[in-house]
Amino acid sequence: MTTARTSNWAAWAAPLLASAAVVGGVALWRARQRSQRRLDGVTCVITGASSGLGRGVALRLGAMGANVVVAARRTPLLEQLVDEIHACGGIALAVTTDVSRADDVQRLRDATVERFGRIDIWVNNAGLGAIGPFWDIPLEDHARLVDINLGGVIHGSHIALHQFRAQGRGTLVNVGSIESEVPLAYHASYAATKAAVLSLGRSLVQELRLAQLRDVHVATVMPWATDTPFDRHAANHSGHSVQLPLPDGAAKAVDRIVHACLHPQRRHLVGWKAKAAYAGHRLLPGLGDRTAARIEHALQIERAPAAAPTSGALHAPVVDGRAVEGHVRERMRLEANARDHDRAWDDAGAWGV
Ligand SMILES: NC(=O)c1ccc[n+]([C@@H]2O[C@H](COP(=O)([O-])OP(=O)(O)OC[C@H]3O[C@@H](n4cnc5c(N)ncnc54)[C@H](OP(=O)(O)O)[C@@H]3O)[C@@H](O)[C@H]2O)c1
């Protein structure tokens, strides 16, 4: 009896294990192929490359052998990045750029074409946050955020698409956010700019189809909250330190942006949290909005420690926040521990201990 059961088990388990091994082997082989893919001679422009996701994408594309043109306002960080890209086998050029200025973005295009002759991939990644009750954020901060997050993407898209039409091919990747689809309380103008970035990309896809430019692609990447120096560069008028809901590691969004450069689709949601939030919001938008508001209020206002108001890097770049990772998760963990510790002391005091 036991032998019969064992042989039955072996009869269905063996082919299952064999297929799992084949599928696993193919996935590993494909992952290795992808990581070893070479981009020699491919020219990529990346805005917002001095820190965070842009820096991560520039390093990754450089390691794949691409010509990488890095743009942002902090010139010394761009120059350091160029050296790092050279050290890992890529070719790089730094062009100091404020994306809110059309003439700066035109110079970025001209410097790239002068050096490399063409542009294959343009990534509009530069962007900042503005956190707090809408009415407490100064109007000049809202206006500047729109100039950078939306104005910068329009400048970059306009100049890149002119170039791609002349070449007959090219890929434009715009970095949106999960907030392109699922807006959050206390992020009103940020979420509005990111929704506009997605909308812009969708209209451009339609126009390219109408113009029969089949080799020109536009993709929008929508990361979930991600552990980068985003929190240190955002304007923050919430009265509390910047909190991000269950942030992903930066590598996840960097991987997806690089993937979008090579395999552009209309929209790329990054990770399961972004996919679940998107699906929930589509299915039950009212409940989704109420839940998002409650979570954000508890996280950003009720539980976060006090912090002084700041316009962050909106009006001028700040020195702090130079790496790809931001260590936001570590900071939030320390803040939560301190809060629990204080609460334990308060409870002990209440009991007269
Ligand atoms: N981290 C997140 O939770 C998250 C989630 C979803 C989407 N995103 C998006 O991801 C993108 C990258 O952000 P990040 O998370 O990597 O944060 P980050 O480290 O603060 O990166 C922002 C980059 O934009 C550049 N920048 C800011 N203003 C600029 C301007 N006027 N002209 C040119 N460059 C400018 C900054 O460099 P300089 O200061 O040197 O100019 C920096 O390199 C942004 O579009 C952001 O909205 C982030």
# chains A, B, ... in the order shown; residues from 1 in each chain; ligands from 1

$ residues_around --residues "Arg169 (chain A)" --least-positions-apart "2" --cutoff "6 Å" --atoms "only C-alpha atoms" --output "PDB file with C-alpha atoms, in the first residue's frame"
ATOM      1  CA  PHE A 164      13.791  60.874 -32.717  1.00  0.00           C
ATOM      2  CA  GLN A 167      16.486  59.894 -36.758  1.00  0.00           C
ATOM      3  CA  ASP A 215      10.227  52.920 -34.164  1.00  0.00           C
ATOM      4  CA  VAL A 216       9.710  55.817 -31.787  1.00  0.00           C
TER       5      VAL A 216
END

$ residues_around --residues "Gly326 (chain A)" --least-positions-apart "2" --cutoff "12 Å" --atoms "only C-alpha atoms" --output "ChimeraX atom specification"
/A:51-53,56,225-233,244,247-251,320-324,328-332

$ write_last_selection --atoms "C-alpha atoms" --output "PDB file, in the first residue's frame"
ATOM      1  CA  SER A  51      21.324  61.067  -7.014  1.00  0.00           C
ATOM      2  CA  GLY A  52      18.675  58.420  -6.478  1.00  0.00           C
ATOM      3  CA  LEU A  53      17.091  56.532  -9.361  1.00  0.00           C
ATOM      4  CA  GLY A  56      21.361  54.208 -10.420  1.00  0.00           C
ATOM      5  CA  ALA A 225       7.515  54.776  -2.755  1.00  0.00           C
ATOM      6  CA  THR A 226      11.244  54.090  -3.014  1.00  0.00           C
ATOM      7  CA  ASP A 227      14.196  54.421  -0.680  1.00  0.00           C
ATOM      8  CA  THR A 228      16.225  57.210  -2.338  1.00  0.00           C
ATOM      9  CA  PRO A 229      17.211  60.730  -1.163  1.00  0.00           C
ATOM     10  CA  PHE A 230      13.740  61.839  -2.380  1.00  0.00           C
ATOM     11  CA  ASP A 231      12.753  62.687   1.236  1.00  0.00           C
ATOM     12  CA  ARG A 232      15.786  64.962   1.706  1.00  0.00           C
ATOM     13  CA  HIS A 233      15.098  66.888  -1.506  1.00  0.00           C
ATOM     14  CA  LEU A 244       7.036  56.909   2.846  1.00  0.00           C
ATOM     15  CA  PRO A 247       9.229  51.906   0.581  1.00  0.00           C
ATOM     16  CA  ASP A 248      10.892  49.553  -1.914  1.00  0.00           C
ATOM     17  CA  GLY A 249      14.672  49.392  -2.295  1.00  0.00           C
ATOM     18  CA  ALA A 250      16.005  51.629  -5.086  1.00  0.00           C
ATOM     19  CA  ALA A 251      17.304  48.677  -7.152  1.00  0.00           C
ATOM     20  CA  ASP A 320      22.754  66.364   1.112  1.00  0.00           C
ATOM     21  CA  GLY A 321      21.412  63.200  -0.562  1.00  0.00           C
ATOM     22  CA  ARG A 322      24.030  62.141  -3.097  1.00  0.00           C
ATOM     23  CA  ALA A 323      23.719  58.375  -3.302  1.00  0.00           C
ATOM     24  CA  VAL A 324      21.289  56.021  -5.054  1.00  0.00           C
ATOM     25  CA  VAL A 328      14.743  56.260   4.506  1.00  0.00           C
ATOM     26  CA  ARG A 329      13.727  52.843   5.835  1.00  0.00           C
ATOM     27  CA  GLU A 330      16.470  52.946   8.458  1.00  0.00           C
ATOM     28  CA  ARG A 331      15.471  56.464   9.534  1.00  0.00           C
ATOM     29  CA  MET A 332      11.788  55.526   9.760  1.00  0.00           C
TER      30      MET A 332
END

$ residues_around --residues "region 301-311 of chain A" --least-positions-apart "2" --cutoff "8 Å" --atoms "only C-alpha atoms" --output "PyMOL selection string"
chain A and resi 130+141+234-243+296-299+313-315+335+339

$ write_last_selection --atoms "N, CA and C atoms" --output "mmCIF file, in the first residue's frame"
data_model
loop_
_atom_site.group_PDB
_atom_site.id
_atom_site.type_symbol
_atom_site.label_atom_id
_atom_site.label_comp_id
_atom_site.auth_asym_id
_atom_site.auth_seq_id
_atom_site.Cartn_x
_atom_site.Cartn_y
_atom_site.Cartn_z
ATOM 1 N N ALA A 130 6.590 67.624 -2.892
ATOM 2 C CA ALA A 130 6.142 68.725 -2.014
ATOM 3 C C ALA A 130 5.079 68.121 -1.105
ATOM 4 N N ASP A 141 6.168 77.292 -4.007
ATOM 5 C CA ASP A 141 6.673 75.911 -4.010
ATOM 6 C C ASP A 141 5.836 75.043 -4.959
ATOM 7 N N ALA A 234 12.698 66.762 -1.052
ATOM 8 C CA ALA A 234 11.311 67.227 -1.180
ATOM 9 C C ALA A 234 11.084 68.473 -0.322
ATOM 10 N N ALA A 235 10.199 69.356 -0.788
ATOM 11 C CA ALA A 235 9.700 70.422 0.084
ATOM 12 C C ALA A 235 8.812 69.728 1.114
ATOM 13 N N ASN A 236 8.877 70.173 2.361
ATOM 14 C CA ASN A 236 8.086 69.515 3.398
ATOM 15 C C ASN A 236 7.490 70.565 4.337
ATOM 16 N N HIS A 237 6.183 70.742 4.220
ATOM 17 C CA HIS A 237 5.475 71.719 5.065
ATOM 18 C C HIS A 237 4.433 71.004 5.912
ATOM 19 N N SER A 238 4.680 69.722 6.183
ATOM 20 C CA SER A 238 3.703 68.935 6.948
ATOM 21 C C SER A 238 3.869 69.140 8.451
ATOM 22 N N GLY A 239 5.026 69.708 8.858
ATOM 23 C CA GLY A 239 5.313 69.848 10.292
ATOM 24 C C GLY A 239 5.950 68.595 10.882
ATOM 25 N N HIS A 240 6.149 67.562 10.028
ATOM 26 C CA HIS A 240 6.679 66.270 10.501
ATOM 27 C C HIS A 240 7.706 65.748 9.498
ATOM 28 N N SER A 241 8.562 64.826 9.970
ATOM 29 C CA SER A 241 9.577 64.282 9.060
ATOM 30 C C SER A 241 8.886 63.483 7.946
ATOM 31 N N VAL A 242 9.510 63.476 6.763
ATOM 32 C CA VAL A 242 8.885 62.826 5.599
ATOM 33 C C VAL A 242 8.798 61.317 5.820
ATOM 34 N N GLN A 243 7.599 60.781 5.624
ATOM 35 C CA GLN A 243 7.380 59.333 5.769
ATOM 36 C C GLN A 243 6.972 58.764 4.407
ATOM 37 N N GLU A 296 -2.080 57.647 4.984
ATOM 38 C CA GLU A 296 -1.126 58.757 4.852
ATOM 39 C C GLU A 296 -1.226 59.710 6.044
ATOM 40 N N HIS A 297 -2.462 59.957 6.525
ATOM 41 C CA HIS A 297 -2.635 60.874 7.667
ATOM 42 C C HIS A 297 -1.975 60.281 8.924
ATOM 43 N N ALA A 298 -2.215 58.972 9.145
ATOM 44 C CA ALA A 298 -1.628 58.334 10.327
ATOM 45 C C ALA A 298 -0.106 58.379 10.239
ATOM 46 N N LEU A 299 0.408 58.056 9.048
ATOM 47 C CA LEU A 299 1.862 57.946 8.860
ATOM 48 C C LEU A 299 2.542 59.317 8.920
ATOM 49 N N ALA A 313 14.910 70.995 -2.208
ATOM 50 C CA ALA A 313 15.796 71.358 -3.321
ATOM 51 C C ALA A 313 15.034 72.051 -4.453
ATOM 52 N N LEU A 314 13.794 72.511 -4.140
ATOM 53 C CA LEU A 314 12.970 73.077 -5.220
ATOM 54 C C LEU A 314 13.627 74.290 -5.886
ATOM 55 N N HIS A 315 14.051 75.252 -5.058
ATOM 56 C CA HIS A 315 14.514 76.519 -5.634
ATOM 57 C C HIS A 315 16.018 76.538 -5.863
ATOM 58 N N GLU A 335 12.923 56.195 14.018
ATOM 59 C CA GLU A 335 11.877 57.096 14.528
ATOM 60 C C GLU A 335 10.761 56.298 15.210
ATOM 61 N N ARG A 339 9.595 56.459 19.105
ATOM 62 C CA ARG A 339 8.189 56.718 19.469
ATOM 63 C C ARG A 339 7.693 55.656 20.470
#

$ select_by_dssp --residues "region 118-338 of chain A" --states "strand (DSSP E or B)" --output "ChimeraX atom specification"
/A:121-124,130-131,170-175,216-222,226-227,235-236,240,248-249,267-269,306,310

$ write_last_selection --atoms "N, CA and C atoms" --output "PDB file, in the first residue's frame"
ATOM      1  N   ILE A 121      18.116  56.890 -26.430  1.00  0.00           N
ATOM      2  CA  ILE A 121      17.196  56.774 -25.294  1.00  0.00           C
ATOM      3  C   ILE A 121      17.268  58.069 -24.489  1.00  0.00           C
ATOM      4  N   TRP A 122      16.100  58.622 -24.149  1.00  0.00           N
ATOM      5  CA  TRP A 122      16.068  59.835 -23.316  1.00  0.00           C
ATOM      6  C   TRP A 122      15.193  59.530 -22.117  1.00  0.00           C
ATOM      7  N   VAL A 123      15.751  59.656 -20.910  1.00  0.00           N
ATOM      8  CA  VAL A 123      14.992  59.365 -19.689  1.00  0.00           C
ATOM      9  C   VAL A 123      14.726  60.674 -18.935  1.00  0.00           C
ATOM     10  N   ASN A 124      13.459  61.092 -18.888  1.00  0.00           N
ATOM     11  CA  ASN A 124      13.049  62.253 -18.077  1.00  0.00           C
ATOM     12  C   ASN A 124      12.779  61.755 -16.663  1.00  0.00           C
ATOM     13  N   ALA A 130       6.590  67.624  -2.892  1.00  0.00           N
ATOM     14  CA  ALA A 130       6.142  68.725  -2.014  1.00  0.00           C
ATOM     15  C   ALA A 130       5.079  68.121  -1.105  1.00  0.00           C
ATOM     16  N   ILE A 131       5.404  68.070   0.195  1.00  0.00           N
ATOM     17  CA  ILE A 131       4.582  67.304   1.139  1.00  0.00           C
ATOM     18  C   ILE A 131       3.979  68.229   2.194  1.00  0.00           C
ATOM     19  N   GLY A 170      13.893  55.969 -31.679  1.00  0.00           N
ATOM     20  CA  GLY A 170      14.350  56.413 -30.354  1.00  0.00           C
ATOM     21  C   GLY A 170      13.318  56.044 -29.299  1.00  0.00           C
ATOM     22  N   THR A 171      13.752  56.043 -28.046  1.00  0.00           N
ATOM     23  CA  THR A 171      12.863  55.670 -26.935  1.00  0.00           C
ATOM     24  C   THR A 171      12.883  56.758 -25.872  1.00  0.00           C
ATOM     25  N   LEU A 172      11.679  57.230 -25.532  1.00  0.00           N
ATOM     26  CA  LEU A 172      11.524  58.234 -24.480  1.00  0.00           C
ATOM     27  C   LEU A 172      10.929  57.537 -23.256  1.00  0.00           C
ATOM     28  N   VAL A 173      11.605  57.664 -22.122  1.00  0.00           N
ATOM     29  CA  VAL A 173      11.097  57.060 -20.882  1.00  0.00           C
ATOM     30  C   VAL A 173      10.843  58.188 -19.881  1.00  0.00           C
ATOM     31  N   ASN A 174       9.598  58.330 -19.456  1.00  0.00           N
ATOM     32  CA  ASN A 174       9.261  59.339 -18.450  1.00  0.00           C
ATOM     33  C   ASN A 174       9.028  58.649 -17.110  1.00  0.00           C
ATOM     34  N   VAL A 175       9.615  59.219 -16.048  1.00  0.00           N
ATOM     35  CA  VAL A 175       9.427  58.613 -14.729  1.00  0.00           C
ATOM     36  C   VAL A 175       8.242  59.312 -14.043  1.00  0.00           C
ATOM     37  N   VAL A 216       9.552  54.854 -32.886  1.00  0.00           N
ATOM     38  CA  VAL A 216       9.710  55.817 -31.787  1.00  0.00           C
ATOM     39  C   VAL A 216       8.740  55.390 -30.677  1.00  0.00           C
ATOM     40  N   HIS A 217       9.298  55.213 -29.471  1.00  0.00           N
ATOM     41  CA  HIS A 217       8.497  54.663 -28.372  1.00  0.00           C
ATOM     42  C   HIS A 217       8.454  55.636 -27.192  1.00  0.00           C
ATOM     43  N   VAL A 218       7.329  55.595 -26.462  1.00  0.00           N
ATOM     44  CA  VAL A 218       7.210  56.395 -25.233  1.00  0.00           C
ATOM     45  C   VAL A 218       6.712  55.477 -24.123  1.00  0.00           C
ATOM     46  N   ALA A 219       7.438  55.471 -23.010  1.00  0.00           N
ATOM     47  CA  ALA A 219       7.038  54.634 -21.868  1.00  0.00           C
ATOM     48  C   ALA A 219       6.963  55.503 -20.617  1.00  0.00           C
ATOM     49  N   THR A 220       6.030  55.162 -19.725  1.00  0.00           N
ATOM     50  CA  THR A 220       5.983  55.830 -18.415  1.00  0.00           C
ATOM     51  C   THR A 220       6.220  54.776 -17.341  1.00  0.00           C
ATOM     52  N   VAL A 221       7.207  55.037 -16.484  1.00  0.00           N
ATOM     53  CA  VAL A 221       7.513  54.104 -15.387  1.00  0.00           C
ATOM     54  C   VAL A 221       6.911  54.681 -14.104  1.00  0.00           C
ATOM     55  N   MET A 222       6.203  53.819 -13.354  1.00  0.00           N
ATOM     56  CA  MET A 222       5.504  54.300 -12.159  1.00  0.00           C
ATOM     57  C   MET A 222       5.981  53.542 -10.920  1.00  0.00           C
ATOM     58  N   THR A 226       9.942  54.750  -2.855  1.00  0.00           N
ATOM     59  CA  THR A 226      11.244  54.090  -3.014  1.00  0.00           C
ATOM     60  C   THR A 226      12.286  54.767  -2.134  1.00  0.00           C
ATOM     61  N   ASP A 227      13.176  53.936  -1.605  1.00  0.00           N
ATOM     62  CA  ASP A 227      14.196  54.421  -0.680  1.00  0.00           C
ATOM     63  C   ASP A 227      15.353  55.078  -1.445  1.00  0.00           C
ATOM     64  N   ALA A 235      10.199  69.356  -0.788  1.00  0.00           N
ATOM     65  CA  ALA A 235       9.700  70.422   0.084  1.00  0.00           C
ATOM     66  C   ALA A 235       8.812  69.728   1.114  1.00  0.00           C
ATOM     67  N   ASN A 236       8.877  70.173   2.361  1.00  0.00           N
ATOM     68  CA  ASN A 236       8.086  69.515   3.398  1.00  0.00           C
ATOM     69  C   ASN A 236       7.490  70.565   4.337  1.00  0.00           C
ATOM     70  N   HIS A 240       6.149  67.562  10.028  1.00  0.00           N
ATOM     71  CA  HIS A 240       6.679  66.270  10.501  1.00  0.00           C
ATOM     72  C   HIS A 240       7.706  65.748   9.498  1.00  0.00           C
ATOM     73  N   ASP A 248      10.063  50.572  -1.256  1.00  0.00           N
ATOM     74  CA  ASP A 248      10.892  49.553  -1.914  1.00  0.00           C
ATOM     75  C   ASP A 248      12.345  50.002  -1.903  1.00  0.00           C
ATOM     76  N   GLY A 249      13.267  49.044  -2.079  1.00  0.00           N
ATOM     77  CA  GLY A 249      14.672  49.392  -2.295  1.00  0.00           C
ATOM     78  C   GLY A 249      14.821  50.032  -3.672  1.00  0.00           C
ATOM     79  N   ARG A 267       2.913  51.753 -20.081  1.00  0.00           N
ATOM     80  CA  ARG A 267       3.068  51.996 -18.641  1.00  0.00           C
ATOM     81  C   ARG A 267       3.758  50.806 -17.979  1.00  0.00           C
ATOM     82  N   HIS A 268       4.654  51.136 -17.050  1.00  0.00           N
ATOM     83  CA  HIS A 268       5.356  50.105 -16.284  1.00  0.00           C
ATOM     84  C   HIS A 268       5.104  50.384 -14.807  1.00  0.00           C
ATOM     85  N   LEU A 269       4.247  49.579 -14.172  1.00  0.00           N
ATOM     86  CA  LEU A 269       4.061  49.702 -12.719  1.00  0.00           C
ATOM     87  C   LEU A 269       5.194  48.926 -12.056  1.00  0.00           C
ATOM     88  N   ALA A 306       8.228  65.640  14.849  1.00  0.00           N
ATOM     89  CA  ALA A 306       8.151  67.012  14.325  1.00  0.00           C
ATOM     90  C   ALA A 306       9.358  67.338  13.449  1.00  0.00           C
ATOM     91  N   THR A 310      10.477  73.188   5.146  1.00  0.00           N
ATOM     92  CA  THR A 310      11.569  73.411   4.192  1.00  0.00           C
ATOM     93  C   THR A 310      11.034  73.368   2.764  1.00  0.00           C
TER      94      THR A 310
END

$ select_by_dssp --residues "region 109-228 of chain A" --states "helix (DSSP H, G or I)" --output "PyMOL selection string"
chain A and resi 109-116+134-136+139-167+178-180+188-210

$ residues_around --residues "region 68-77 of chain A" --least-positions-apart "5" --cutoff "8 Å" --atoms "only C-alpha atoms" --output "ChimeraX atom specification"
/A:43-50,58,61-62,82,90-99,108,112,126,317,322

$ write_last_selection --atoms "N, CA and C atoms" --output "compact mmCIF listing (two decimals), in the first residue's frame"
# COMPACT_ATOMS: atom_id res chain seq x y z
N THR A 43 23.34 55.66 -27.26
CA THR A 43 23.48 56.90 -26.48
C THR A 43 22.22 57.18 -25.67
N CYS A 44 22.41 57.36 -24.35
CA CYS A 44 21.27 57.57 -23.44
C CYS A 44 21.46 58.89 -22.70
N VAL A 45 20.41 59.68 -22.63
CA VAL A 45 20.41 60.90 -21.82
C VAL A 45 19.56 60.63 -20.58
N ILE A 46 20.07 60.99 -19.40
CA ILE A 46 19.29 60.77 -18.17
C ILE A 46 19.27 62.07 -17.36
N THR A 47 18.07 62.59 -17.13
CA THR A 47 17.98 63.79 -16.30
C THR A 47 17.79 63.38 -14.84
N GLY A 48 18.18 64.27 -13.93
CA GLY A 48 18.08 63.95 -12.50
C GLY A 48 19.02 62.82 -12.14
N ALA A 49 20.24 62.88 -12.70
CA ALA A 49 21.18 61.76 -12.53
C ALA A 49 22.15 61.97 -11.36
N SER A 50 22.04 63.09 -10.63
CA SER A 50 23.03 63.33 -9.59
C SER A 50 22.80 62.49 -8.33
N ALA A 58 21.97 55.54 -14.58
CA ALA A 58 23.17 55.95 -15.32
C ALA A 58 24.29 54.93 -15.11
N LEU A 61 23.37 51.61 -17.01
CA LEU A 61 23.51 51.69 -18.47
C LEU A 61 24.99 51.84 -18.85
N GLY A 62 25.73 52.58 -18.00
CA GLY A 62 27.17 52.72 -18.24
C GLY A 62 27.88 51.38 -18.18
N VAL A 82 30.51 60.63 -13.79
CA VAL A 82 31.19 60.37 -15.08
C VAL A 82 32.43 59.51 -14.84
N GLY A 90 31.91 52.25 -19.24
CA GLY A 90 31.04 53.06 -20.10
C GLY A 90 31.73 54.35 -20.54
N ILE A 91 31.02 55.10 -21.37
CA ILE A 91 31.52 56.41 -21.79
C ILE A 91 30.48 57.42 -21.31
N ALA A 92 30.91 58.52 -20.69
CA ALA A 92 29.92 59.42 -20.10
C ALA A 92 30.27 60.88 -20.33
N LEU A 93 29.23 61.69 -20.27
CA LEU A 93 29.38 63.14 -20.42
C LEU A 93 28.44 63.80 -19.41
N ALA A 94 28.94 64.81 -18.70
CA ALA A 94 28.09 65.53 -17.74
C ALA A 94 27.66 66.87 -18.34
N VAL A 95 26.38 67.19 -18.28
CA VAL A 95 25.90 68.49 -18.75
C VAL A 95 25.02 69.09 -17.65
N THR A 96 25.49 70.15 -17.04
CA THR A 96 24.71 70.80 -15.97
C THR A 96 23.41 71.34 -16.58
N THR A 97 22.30 70.93 -16.00
CA THR A 97 21.00 71.26 -16.60
C THR A 97 19.97 71.52 -15.51
N ASP A 98 19.21 72.59 -15.68
CA ASP A 98 17.99 72.77 -14.88
C ASP A 98 16.84 72.47 -15.85
N VAL A 99 16.14 71.36 -15.62
CA VAL A 99 15.15 70.91 -16.62
C VAL A 99 13.98 71.88 -16.76
N LEU A 108 21.49 70.55 -23.50
CA LEU A 108 21.75 69.14 -23.17
C LEU A 108 21.67 68.29 -24.45
N THR A 112 24.94 66.52 -26.43
CA THR A 112 24.89 65.06 -26.66
C THR A 112 25.13 64.75 -28.13
N ALA A 126 14.22 63.59 -13.73
CA ALA A 126 14.33 64.66 -12.70
C ALA A 126 12.94 64.96 -12.14
N PRO A 317 19.55 73.52 -5.51
CA PRO A 317 19.92 72.16 -5.08
C PRO A 317 20.50 72.17 -3.68
N ARG A 322 23.22 62.25 -1.88
CA ARG A 322 24.03 62.14 -3.10
C ARG A 322 24.07 60.73 -3.66

$ closest_residue --among "A:Ile154, A:Ala211, A:Leu204, A:Val254" --to "ligand 1" --atoms "only C-alpha atoms and all ligand atoms"
A:Val254

$ closest_residue --among "A:Ala185, A:Asp255, A:Asp340, A:Leu213" --to "Gly54 (chain A)" --atoms "only C-alpha atoms"
A:Asp255

$ atom_distance --atom1 "CA of Gln212 (chain A)" --atom2 "CA of Leu198 (chain A)"
21.1 Å

$ atom_distance --atom1 "CA of Ala192 (chain A)" --atom2 "atom 45 (O, counted along the ligand's line) of ligand 1"
12.7 Å

$ closest_residue --among "A:Arg115, A:Gly201, A:Tyr278, A:Arg101" --to "Pro264 (chain A)" --atoms "only C-alpha atoms"
A:Gly201

$ atom_distance --atom1 "CA of Pro245 (chain A)" --atom2 "atom 17 (O, counted along the ligand's line) of ligand 1"
15.4 Å

$ closest_residue --among "A:His155, A:Lys194, A:Arg256, A:Arg38" --to "ligand 1" --atoms "only C-alpha atoms and all ligand atoms"
A:Lys194

$ closest_residue --among "A:Ala196, A:Ala336, A:Ala279, A:Ala253" --to "ligand 1" --atoms "only C-alpha atoms and all ligand atoms"
A:Ala253

$ closest_residue --among "A:Arg266, A:His327, A:His281, A:Arg165" --to "ligand 1" --atoms "only C-alpha atoms and all ligand atoms"
A:His327
